[in-house]
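> One file is attached below, upload-v4.cif, containing mmCIF, C-alpha atoms, pLDDT in the B column; chains and numbers go by the auth columns.
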data_work
#
loop_
_atom_site.group_PDB
_atom_site.id
_atom_site.type_symbol
_atom_site.label_atom_id
_atom_site.label_comp_id
_atom_site.label_asym_id
_atom_site.label_seq_id
_atom_site.Cartn_x
_atom_site.Cartn_y
_atom_site.Cartn_z
_atom_site.B_iso_or_equiv
_atom_site.auth_seq_id
_atom_site.auth_asym_id
ATOM 1 C CA MET A 1 103.968 90.528 79.636 95.00 131 A
ATOM 2 C CA LEU A 2 105.057 94.160 79.714 98.00 132 A
ATOM 3 C CA GLY A 3 108.505 94.824 81.117 98.00 133 A
ATOM 4 C CA VAL A 4 109.124 98.257 82.607 98.00 134 A
ATOM 5 C CA LEU A 5 112.693 99.534 82.809 98.00 135 A
ATOM 6 C CA GLY A 6 111.926 102.127 85.448 97.00 136 A
ATOM 7 C CA GLY A 7 113.344 104.072 88.331 97.00 137 A
ATOM 8 C CA MET A 8 114.247 107.088 86.179 96.00 138 A
ATOM 9 C CA GLY A 9 112.681 108.501 88.326 93.00 139 A
ATOM 10 C CA PRO A 10 110.599 106.423 90.725 95.00 140 A
ATOM 11 C CA MET A 11 107.561 108.744 90.823 95.00 141 A
ATOM 12 C CA ALA A 12 107.487 108.813 87.021 95.00 142 A
ATOM 13 C CA THR A 13 107.573 105.006 86.925 97.00 143 A
ATOM 14 C CA VAL A 14 104.574 104.744 89.240 97.00 144 A
ATOM 15 C CA ASP A 15 102.770 107.376 87.136 96.00 145 A
ATOM 16 C CA PHE A 16 103.447 105.349 83.990 98.00 146 A
ATOM 17 C CA MET A 17 102.151 102.141 85.559 97.00 147 A
ATOM 18 C CA ALA A 18 98.950 103.898 86.637 97.00 148 A
ATOM 19 C CA LYS A 19 98.440 105.158 83.083 97.00 149 A
ATOM 20 C CA VAL A 20 98.855 101.653 81.680 98.00 150 A
ATOM 21 C CA VAL A 21 96.164 100.444 84.079 97.00 151 A
ATOM 22 C CA ARG A 22 93.824 103.364 83.287 96.00 152 A
ATOM 23 C CA ASN A 23 94.191 102.848 79.527 96.00 153 A
ATOM 24 C CA THR A 24 93.542 99.121 79.654 96.00 154 A
ATOM 25 C CA PRO A 25 89.942 98.149 78.811 94.00 155 A
ATOM 26 C CA ALA A 26 89.279 95.889 81.766 94.00 156 A
ATOM 27 C CA THR A 27 86.340 94.883 83.947 95.00 157 A
ATOM 28 C CA ARG A 28 88.251 92.556 86.284 96.00 158 A
ATOM 29 C CA ASP A 29 91.799 91.968 87.535 96.00 159 A
ATOM 30 C CA GLN A 30 92.426 89.240 84.978 95.00 160 A
ATOM 31 C CA ASP A 31 91.784 91.612 82.059 95.00 161 A
ATOM 32 C CA HIS A 32 94.796 93.772 82.912 96.00 162 A
ATOM 33 C CA ILE A 33 98.253 93.523 81.380 95.00 163 A
ATOM 34 C CA PRO A 34 100.777 91.500 83.380 96.00 164 A
ATOM 35 C CA MET A 35 103.768 93.687 84.229 97.00 165 A
ATOM 36 C CA VAL A 36 107.224 93.047 85.574 98.00 166 A
ATOM 37 C CA VAL A 37 108.799 96.279 86.809 98.00 167 A
ATOM 38 C CA CYS A 38 112.340 97.097 87.818 97.00 168 A
ATOM 39 C CA SER A 39 112.728 100.436 89.541 97.00 169 A
ATOM 40 C CA ALA A 40 116.439 100.670 88.800 97.00 170 A
ATOM 41 C CA VAL A 41 117.175 103.812 90.774 97.00 171 A
ATOM 42 C CA ARG A 42 120.952 103.188 90.730 97.00 172 A
ATOM 43 C CA ILE A 43 121.224 103.860 86.993 98.00 173 A
ATOM 44 C CA PRO A 44 123.569 106.861 86.585 98.00 174 A
ATOM 45 C CA ASP A 45 122.057 110.195 85.579 96.00 175 A
ATOM 46 C CA ARG A 46 121.215 110.126 81.864 97.00 176 A
ATOM 47 C CA ASN A 47 121.187 113.891 81.471 95.00 177 A
ATOM 48 C CA ALA A 48 124.656 114.283 82.984 96.00 178 A
ATOM 49 C CA ALA A 49 126.045 111.513 80.769 97.00 179 A
ATOM 50 C CA ILE A 50 124.797 113.112 77.544 97.00 180 A
ATOM 51 C CA LEU A 51 126.189 116.492 78.587 96.00 181 A
ATOM 52 C CA GLY A 52 129.583 114.909 79.332 96.00 182 A
ATOM 53 C CA ASP A 53 129.416 115.326 83.082 94.00 183 A
ATOM 54 C CA GLY A 54 128.506 111.887 84.377 95.00 184 A
ATOM 55 C CA ALA A 55 129.007 108.142 84.238 97.00 185 A
ATOM 56 C CA ASP A 56 127.721 106.063 81.330 98.00 186 A
ATOM 57 C CA PRO A 57 124.271 104.667 82.273 98.00 187 A
ATOM 58 C CA PHE A 58 124.217 102.104 79.462 98.00 188 A
ATOM 59 C CA PRO A 59 125.764 99.148 81.354 98.00 189 A
ATOM 60 C CA ALA A 60 123.229 99.489 84.179 98.00 190 A
ATOM 61 C CA MET A 61 120.335 99.893 81.732 98.00 191 A
ATOM 62 C CA ARG A 62 121.506 96.839 79.760 98.00 192 A
ATOM 63 C CA GLU A 63 121.713 94.753 82.952 98.00 193 A
ATOM 64 C CA THR A 64 118.177 95.759 83.904 98.00 194 A
ATOM 65 C CA LEU A 65 116.928 95.138 80.371 98.00 195 A
ATOM 66 C CA LEU A 66 118.309 91.603 80.378 97.00 196 A
ATOM 67 C CA SER A 67 116.743 90.896 83.763 97.00 197 A
ATOM 68 C CA LEU A 68 113.355 91.930 82.366 98.00 198 A
ATOM 69 C CA GLU A 69 113.885 89.679 79.371 97.00 199 A
ATOM 70 C CA ALA A 70 114.806 86.782 81.669 97.00 200 A
ATOM 71 C CA ALA A 71 111.640 87.438 83.682 97.00 201 A
ATOM 72 C CA GLY A 72 109.545 86.826 80.582 96.00 202 A
ATOM 73 C CA ALA A 73 108.796 90.301 79.225 97.00 203 A
ATOM 74 C CA SER A 74 107.396 90.169 75.698 95.00 204 A
ATOM 75 C CA CYS A 75 107.774 93.908 75.148 97.00 205 A
ATOM 76 C CA ILE A 76 109.551 96.595 77.144 98.00 206 A
ATOM 77 C CA ALA A 77 108.865 100.242 77.972 98.00 207 A
ATOM 78 C CA ILE A 78 111.275 102.819 79.374 98.00 208 A
ATOM 79 C CA PRO A 79 109.359 105.641 81.105 98.00 209 A
ATOM 80 C CA CYS A 80 112.240 108.099 80.777 97.00 210 A
ATOM 81 C CA ASN A 81 112.568 110.270 77.683 97.00 211 A
ATOM 82 C CA THR A 82 116.285 110.970 78.082 97.00 212 A
ATOM 83 C CA ALA A 83 117.084 107.255 78.369 98.00 213 A
ATOM 84 C CA HIS A 84 115.877 106.843 74.777 98.00 214 A
ATOM 85 C CA HIS A 85 119.195 108.278 73.649 98.00 215 A
ATOM 86 C CA TRP A 86 120.359 104.676 74.203 98.00 216 A
ATOM 87 C CA HIS A 87 117.291 103.057 72.627 98.00 217 A
ATOM 88 C CA THR A 88 119.086 101.735 69.544 98.00 218 A
ATOM 89 C CA ALA A 89 121.976 100.341 71.581 98.00 219 A
ATOM 90 C CA LEU A 90 119.589 98.686 74.041 98.00 220 A
ATOM 91 C CA GLN A 91 117.453 97.212 71.262 98.00 221 A
ATOM 92 C CA ALA A 92 120.592 95.636 69.800 98.00 222 A
ATOM 93 C CA GLU A 93 121.003 93.700 73.062 98.00 223 A
ATOM 94 C CA THR A 94 117.651 91.912 72.915 97.00 224 A
ATOM 95 C CA SER A 95 115.113 90.453 70.500 97.00 225 A
ATOM 96 C CA VAL A 96 112.303 91.753 72.745 97.00 226 A
ATOM 97 C CA ARG A 97 110.706 94.859 71.294 97.00 227 A
ATOM 98 C CA ILE A 98 111.477 98.082 73.178 98.00 228 A
ATOM 99 C CA LEU A 99 108.752 100.622 72.448 98.00 229 A
ATOM 100 C CA HIS A 100 110.017 104.128 71.680 98.00 230 A
ATOM 101 C CA ILE A 101 108.394 106.953 73.621 98.00 231 A
ATOM 102 C CA VAL A 102 108.901 109.531 70.863 97.00 232 A
ATOM 103 C CA ASP A 103 107.276 107.310 68.248 97.00 233 A
ATOM 104 C CA ALA A 104 104.321 106.949 70.613 97.00 234 A
ATOM 105 C CA VAL A 105 104.077 110.749 70.882 97.00 235 A
ATOM 106 C CA VAL A 106 104.438 111.355 67.147 95.00 236 A
ATOM 107 C CA ASP A 107 101.659 108.855 66.459 95.00 237 A
ATOM 108 C CA THR A 108 99.275 111.133 68.393 94.00 238 A
ATOM 109 C CA LEU A 109 100.000 114.177 66.218 94.00 239 A
ATOM 110 C CA VAL A 110 97.746 115.241 63.369 88.00 240 A
ATOM 111 C CA THR A 111 98.050 117.798 60.590 81.00 241 A
ATOM 112 C CA GLY A 112 95.931 120.314 62.490 86.00 242 A
ATOM 113 C CA ASP A 113 98.525 120.482 65.276 88.00 243 A
ATOM 114 C CA GLY A 114 100.550 122.936 63.187 88.00 244 A
ATOM 115 C CA ASP A 115 104.009 122.756 61.687 89.00 245 A
ATOM 116 C CA CYS A 116 105.919 123.454 64.903 95.00 246 A
ATOM 117 C CA ILE A 117 105.774 121.333 68.053 97.00 247 A
ATOM 118 C CA GLY A 118 107.111 122.687 71.331 98.00 248 A
ATOM 119 C CA VAL A 119 109.149 120.344 73.512 98.00 249 A
ATOM 120 C CA LEU A 120 109.686 120.705 77.245 98.00 250 A
ATOM 121 C CA ALA A 121 112.430 118.229 78.097 98.00 251 A
ATOM 122 C CA SER A 122 115.654 117.720 79.976 97.00 252 A
ATOM 123 C CA SER A 123 118.751 119.377 78.549 97.00 253 A
ATOM 124 C CA GLY A 124 120.100 115.926 77.713 97.00 254 A
ATOM 125 C CA THR A 125 117.029 115.096 75.647 97.00 255 A
ATOM 126 C CA VAL A 126 117.319 118.433 73.858 98.00 256 A
ATOM 127 C CA GLU A 127 121.064 118.060 73.252 97.00 257 A
ATOM 128 C CA ALA A 128 120.682 114.524 71.913 97.00 258 A
ATOM 129 C CA GLY A 129 117.977 115.601 69.454 96.00 259 A
ATOM 130 C CA ILE A 130 115.743 112.722 70.492 96.00 260 A
ATOM 131 C CA TYR A 131 112.531 114.568 69.579 97.00 261 A
ATOM 132 C CA ARG A 132 113.872 116.816 66.844 96.00 262 A
ATOM 133 C CA THR A 133 114.995 113.904 64.683 94.00 263 A
ATOM 134 C CA ARG A 134 111.810 111.842 64.894 94.00 264 A
ATOM 135 C CA LEU A 135 109.492 114.826 64.579 95.00 265 A
ATOM 136 C CA ALA A 136 111.341 115.888 61.428 95.00 266 A
ATOM 137 C CA ARG A 137 110.749 112.451 59.886 92.00 267 A
ATOM 138 C CA ARG A 138 107.005 113.146 60.098 91.00 268 A
ATOM 139 C CA GLY A 139 107.276 116.697 58.773 92.00 269 A
ATOM 140 C CA PHE A 140 107.123 118.600 62.072 94.00 270 A
ATOM 141 C CA ALA A 141 109.548 121.292 63.215 94.00 271 A
ATOM 142 C CA CYS A 142 110.621 121.340 66.852 95.00 272 A
ATOM 143 C CA ARG A 143 111.064 124.305 69.179 97.00 273 A
ATOM 144 C CA VAL A 144 112.545 124.255 72.684 98.00 274 A
ATOM 145 C CA PRO A 145 112.942 127.042 75.244 98.00 275 A
ATOM 146 C CA ASP A 146 115.809 129.516 74.931 97.00 276 A
ATOM 147 C CA THR A 147 118.902 129.064 77.104 97.00 277 A
ATOM 148 C CA ALA A 148 117.420 130.798 80.140 98.00 278 A
ATOM 149 C CA GLY A 149 114.118 129.009 79.706 98.00 279 A
ATOM 150 C CA GLN A 150 115.818 125.627 79.412 98.00 280 A
ATOM 151 C CA ALA A 151 117.647 126.267 82.668 98.00 281 A
ATOM 152 C CA GLU A 152 114.261 126.908 84.281 98.00 282 A
ATOM 153 C CA VAL A 153 112.876 123.662 82.865 98.00 283 A
ATOM 154 C CA MET A 154 115.787 121.777 84.410 98.00 284 A
ATOM 155 C CA ARG A 155 115.195 123.512 87.716 98.00 285 A
ATOM 156 C CA ALA A 156 111.555 122.449 87.585 98.00 286 A
ATOM 157 C CA ILE A 157 112.479 118.831 86.808 97.00 287 A
ATOM 158 C CA ARG A 158 114.765 118.751 89.832 97.00 288 A
ATOM 159 C CA LEU A 159 111.996 120.237 91.970 97.00 289 A
ATOM 160 C CA VAL A 160 109.611 117.451 90.927 96.00 290 A
ATOM 161 C CA LYS A 161 112.205 114.819 91.776 94.00 291 A
ATOM 162 C CA ALA A 162 112.527 116.469 95.190 96.00 292 A
ATOM 163 C CA GLY A 163 108.751 116.408 95.715 94.00 293 A
ATOM 164 C CA GLN A 164 108.227 120.162 95.246 96.00 294 A
ATOM 165 C CA VAL A 165 105.610 119.750 92.552 96.00 295 A
ATOM 166 C CA ALA A 166 103.606 122.952 93.052 96.00 296 A
ATOM 167 C CA GLU A 167 106.642 125.171 92.601 97.00 297 A
ATOM 168 C CA ALA A 168 107.686 123.217 89.529 97.00 298 A
ATOM 169 C CA ALA A 169 104.221 123.646 87.993 97.00 299 A
ATOM 170 C CA ILE A 170 104.518 127.448 88.033 96.00 300 A
ATOM 171 C CA ILE A 171 107.833 127.333 86.188 98.00 301 A
ATOM 172 C CA LEU A 172 106.705 124.778 83.622 98.00 302 A
ATOM 173 C CA ARG A 173 103.484 126.602 82.869 97.00 303 A
ATOM 174 C CA GLU A 174 105.438 129.776 82.103 97.00 304 A
ATOM 175 C CA GLN A 175 107.761 127.918 79.750 98.00 305 A
ATOM 176 C CA ALA A 176 104.895 126.129 77.996 98.00 306 A
ATOM 177 C CA GLU A 177 103.039 129.401 77.492 97.00 307 A
ATOM 178 C CA ALA A 178 106.208 130.961 76.057 97.00 308 A
ATOM 179 C CA LEU A 179 106.416 128.179 73.458 98.00 309 A
ATOM 180 C CA VAL A 180 102.765 128.696 72.522 97.00 310 A
ATOM 181 C CA ALA A 181 103.425 132.429 72.151 97.00 311 A
ATOM 182 C CA ALA A 182 106.351 131.562 69.872 96.00 312 A
ATOM 183 C CA GLY A 183 103.986 129.738 67.500 96.00 313 A
ATOM 184 C CA CYS A 184 103.927 126.119 68.687 96.00 314 A
ATOM 185 C CA GLY A 185 100.628 124.372 68.027 95.00 315 A
ATOM 186 C CA ARG A 186 101.167 121.649 70.631 96.00 316 A
ATOM 187 C CA ILE A 187 103.547 121.232 73.564 97.00 317 A
ATOM 188 C CA VAL A 188 105.035 117.844 74.436 98.00 318 A
ATOM 189 C CA MET A 189 105.721 117.196 78.106 98.00 319 A
ATOM 190 C CA ALA A 190 108.853 115.312 77.102 98.00 320 A
ATOM 191 C CA CYS A 191 110.247 114.466 80.511 97.00 321 A
ATOM 192 C CA THR A 192 108.325 111.967 82.620 95.00 322 A
ATOM 193 C CA GLU A 193 108.553 114.299 85.632 96.00 323 A
ATOM 194 C CA ILE A 194 106.760 117.137 83.832 97.00 324 A
ATOM 195 C CA PRO A 195 103.267 115.571 83.647 96.00 325 A
ATOM 196 C CA LEU A 196 103.447 115.060 87.411 95.00 326 A
ATOM 197 C CA ALA A 197 103.627 118.839 87.798 96.00 327 A
ATOM 198 C CA LEU A 198 101.158 119.827 85.069 94.00 328 A
ATOM 199 C CA ALA A 199 98.592 117.053 85.624 84.00 329 A
ATOM 200 C CA SER A 200 95.929 119.377 87.032 84.00 330 A
ATOM 201 C CA ILE A 201 96.623 122.445 84.897 88.00 331 A
ATOM 202 C CA GLU A 202 93.503 124.216 83.664 87.00 332 A
ATOM 203 C CA GLY A 203 92.622 126.845 81.079 90.00 333 A
ATOM 204 C CA GLY A 204 93.552 127.206 77.427 92.00 334 A
ATOM 205 C CA LEU A 205 96.955 125.591 77.820 95.00 335 A
ATOM 206 C CA HIS A 206 95.588 122.224 78.922 94.00 336 A
ATOM 207 C CA PRO A 207 94.322 120.973 75.521 94.00 337 A
ATOM 208 C CA LEU A 208 97.629 121.903 73.882 96.00 338 A
ATOM 209 C CA LEU A 209 99.701 119.659 76.132 97.00 339 A
ATOM 210 C CA ILE A 210 100.783 116.172 75.054 97.00 340 A
ATOM 211 C CA ASP A 211 101.729 113.780 77.835 97.00 341 A
ATOM 212 C CA ALA A 212 104.576 111.573 76.556 97.00 342 A
ATOM 213 C CA THR A 213 104.085 109.150 79.445 98.00 343 A
ATOM 214 C CA GLU A 214 100.414 108.749 78.525 97.00 344 A
ATOM 215 C CA ALA A 215 101.295 108.201 74.871 98.00 345 A
ATOM 216 C CA LEU A 216 103.781 105.480 75.815 98.00 346 A
ATOM 217 C CA ALA A 217 101.255 103.820 78.119 98.00 347 A
ATOM 218 C CA ARG A 218 98.660 103.693 75.347 97.00 348 A
ATOM 219 C CA ALA A 219 101.216 102.276 72.909 97.00 349 A
ATOM 220 C CA CYS A 220 102.054 99.572 75.449 98.00 350 A
ATOM 221 C CA VAL A 221 98.402 98.646 75.901 97.00 351 A
ATOM 222 C CA GLU A 222 97.989 98.369 72.144 95.00 352 A
ATOM 223 C CA ALA A 223 101.176 96.340 71.706 95.00 353 A
ATOM 224 C CA CYS A 224 100.307 93.940 74.506 92.00 354 A
ATOM 225 C CA SER A 225 96.733 93.559 73.261 85.00 355 A
ATOM 226 C CA VAL A 226 97.935 92.669 69.769 72.00 356 A
ATOM 227 C CA SER A 227 100.424 90.190 71.248 64.00 357 A
ATOM 228 C CA ALA A 228 97.719 88.577 73.364 59.00 358 A
ATOM 229 C CA LYS A 229 95.448 88.125 70.348 59.00 359 A
ATOM 230 C CA ALA A 230 98.151 86.688 68.087 46.00 360 A
ATOM 231 C CA PRO A 231 97.485 83.025 67.219 48.00 361 A
ATOM 232 C CA ALA A 232 99.883 80.482 68.645 44.00 362 A
ATOM 233 C CA LEU A 233 102.414 79.105 66.169 43.00 363 A
ATOM 234 C CA PRO A 234 101.823 75.465 65.213 51.00 364 A
ATOM 235 C CA LEU A 235 104.166 72.916 66.685 47.00 365 A
ATOM 236 C CA ALA A 236 106.776 71.501 64.368 46.00 366 A
ATOM 237 C CA ALA A 237 105.972 68.026 63.074 41.00 367 A
#
Any chance you could put this one into C-alpha cells?


Amino acid sequence: MLGVLGGMGPMATVDFMAKVVRNTPATRDQDHIPMVVCSAVRIPDRNAAILGDGADPFPAMRETLLSLEAAGASCIAIPCNTAHHWHTALQAETSVRILHIVDAVVDTLVTGDGDCIGVLASSGTVEAGIYRTRLARRGFACRVPDTAGQAEVMRAIRLVKAGQVAEAAIILREQAEALVAAGCGRIVMACTEIPLALASIEGGLHPLLIDATEALARACVEACSVSAKAPALPLAA
C-alpha cells in the first residue's frame, strides 16, 4: 500500500494522486494501487524553515510518517520537493521505504538532455541544494533563476496556492524560457505547485519540461508493482 505524506500543498497532493492513478496499468478498480493519504496541512512551512524564518516542520512530518506506517503503508511518497530536505532524517525514523522525488526525476534524464538542467523550485529547495547535489552525482550541472527571477518563481508558487493559476503560469513560463535561453536542455518543474500552472502549456517549451510530480508518481507505481509481485517469504519451521 502506498502511503502519501501530503498536504504540502493540498492541490498538489490531489494532483499527485491523480497521476498515480493515470500511470497505473489498470482495467478495473481492483487493479489500482491501494493508497492511504494524509493531507497534513498543519505542517509548518518548509521553505520558511530552511531560510531560517519559520518553525521546524520535522516533528509534524515525523508524526504523519509514523501514522502512515501504522496504517500499513509499504512505501511512502512525499509530493513536496522542499520537504525532501528532511528525507534522510525521516527515513531514519522508519524501515518503510520513502521514495525520493529527485531520484525519480534524475532517472528520467538521458545524455541527450544536455549537460545543464534548469530547475524551477522554491527558494528553500534551491538553498538546500536538493536538486544540485543529486544532479551532480549523475553528471548534470544545475541552473536556477537569478535573484530577481527566483523572487518571481516564489510569487508564482504563492499565486498557485491561492488559486490564481493563470497569473502564475505567465510568470513561470517567462522564467522557464529564460533558463532555456541560458543553455538549459531540460527544465524541471521542481515544486509540486508549478505543474498545476504549466499543465496546459503549448509550443516549443512543452517538451523541455519535466514534471517532478509525474516522475514521483511513476516511481511509486513501479515500486508498488514490484512489491505486489514479490513472492511471499516462507513461514519459519

> Running the PyMOL selection byres ((chain A and resi 246-254) around 7) on this model by hand, what would come out? Give it as a list in words.

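For this structure, the PyMOL selection byres ((chain A and resi 246-254) around 7) resolves to Asn177, Ile180, Leu181, Thr212, Gly244, Asp245, Thr255, Val256, Glu257, Ala258, Phe270, Ala271, Cys272, Arg273, Val274, Gln280, Met284, Leu309, Cys314, Gly315, Arg316, Ile317, Val318, Met319, Ala320 and Cys321 of chain A.
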
> Which residues of range 157-181 of chain A come within 6 Å of range 185-205 of chain A, and for each one, what is the closest pair of atoms and their distance in Å to one decimal, counting only C-alpha atoms, sorted by chain and residue number, as a tab-separated table?


residue	atom	partner	partner_atom	distance
A:Ile173	CA	A:Ala190	CA	5.6
A:Pro174	CA	A:Pro187	CA	4.9
A:Ala179	CA	A:Ala185	CA	5.7

> Nearest residue to Arg172 in chain A out of A:Met138, A:Ala311, A:Ile340, A:Leu335, using only C-alpha atoms?

A:Met138

> Nearest to Leu346 in chain A among A:Asp161, A:Glu332, A:Asp145, A:Asp276, with distances taken over only C-alpha atoms: which residue is it?

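The answer is A:Asp145, which sits nearest to Leu346 in chain A.
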
> Under the rule that only C-alpha atoms are counted, which of A:Pro209, A:Gly279, A:Gly184, A:Gly269 is the nearest residue to Gly139 in chain A?

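That would be A:Pro209, the residue with the smallest distance to Gly139 in chain A.
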
> Carefully work through the PyMOL selection byres ((chain A and resi 207) around 7) for this structure and note down the residues it includes, as number ranges by chain.

A: 133-135, 206, 208-209, 228-229

> Hey, what's within 12 Å of His230 in chain A if we count only C-alpha atoms and toss same-chain stuff fewer than 5 positions away? As a ChimeraX atom specification, please?

/A:205-218,220-221,235-237,260-261,264,342-343,345-350,353

> Calculate how many Å separate CA of Ile231 in chain A from CA of Gln160 in chain A, rounding to one decimal.

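These two atoms are separated by 26.4 Å.
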
> As an exercise, work out the distance from CA of Met165 in chain A to CA of Leu132 in chain A in Å and give it to one decimal place.

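For CA of Met165 in chain A relative to CA of Leu132 in chain A, the distance reads 4.7 Å.
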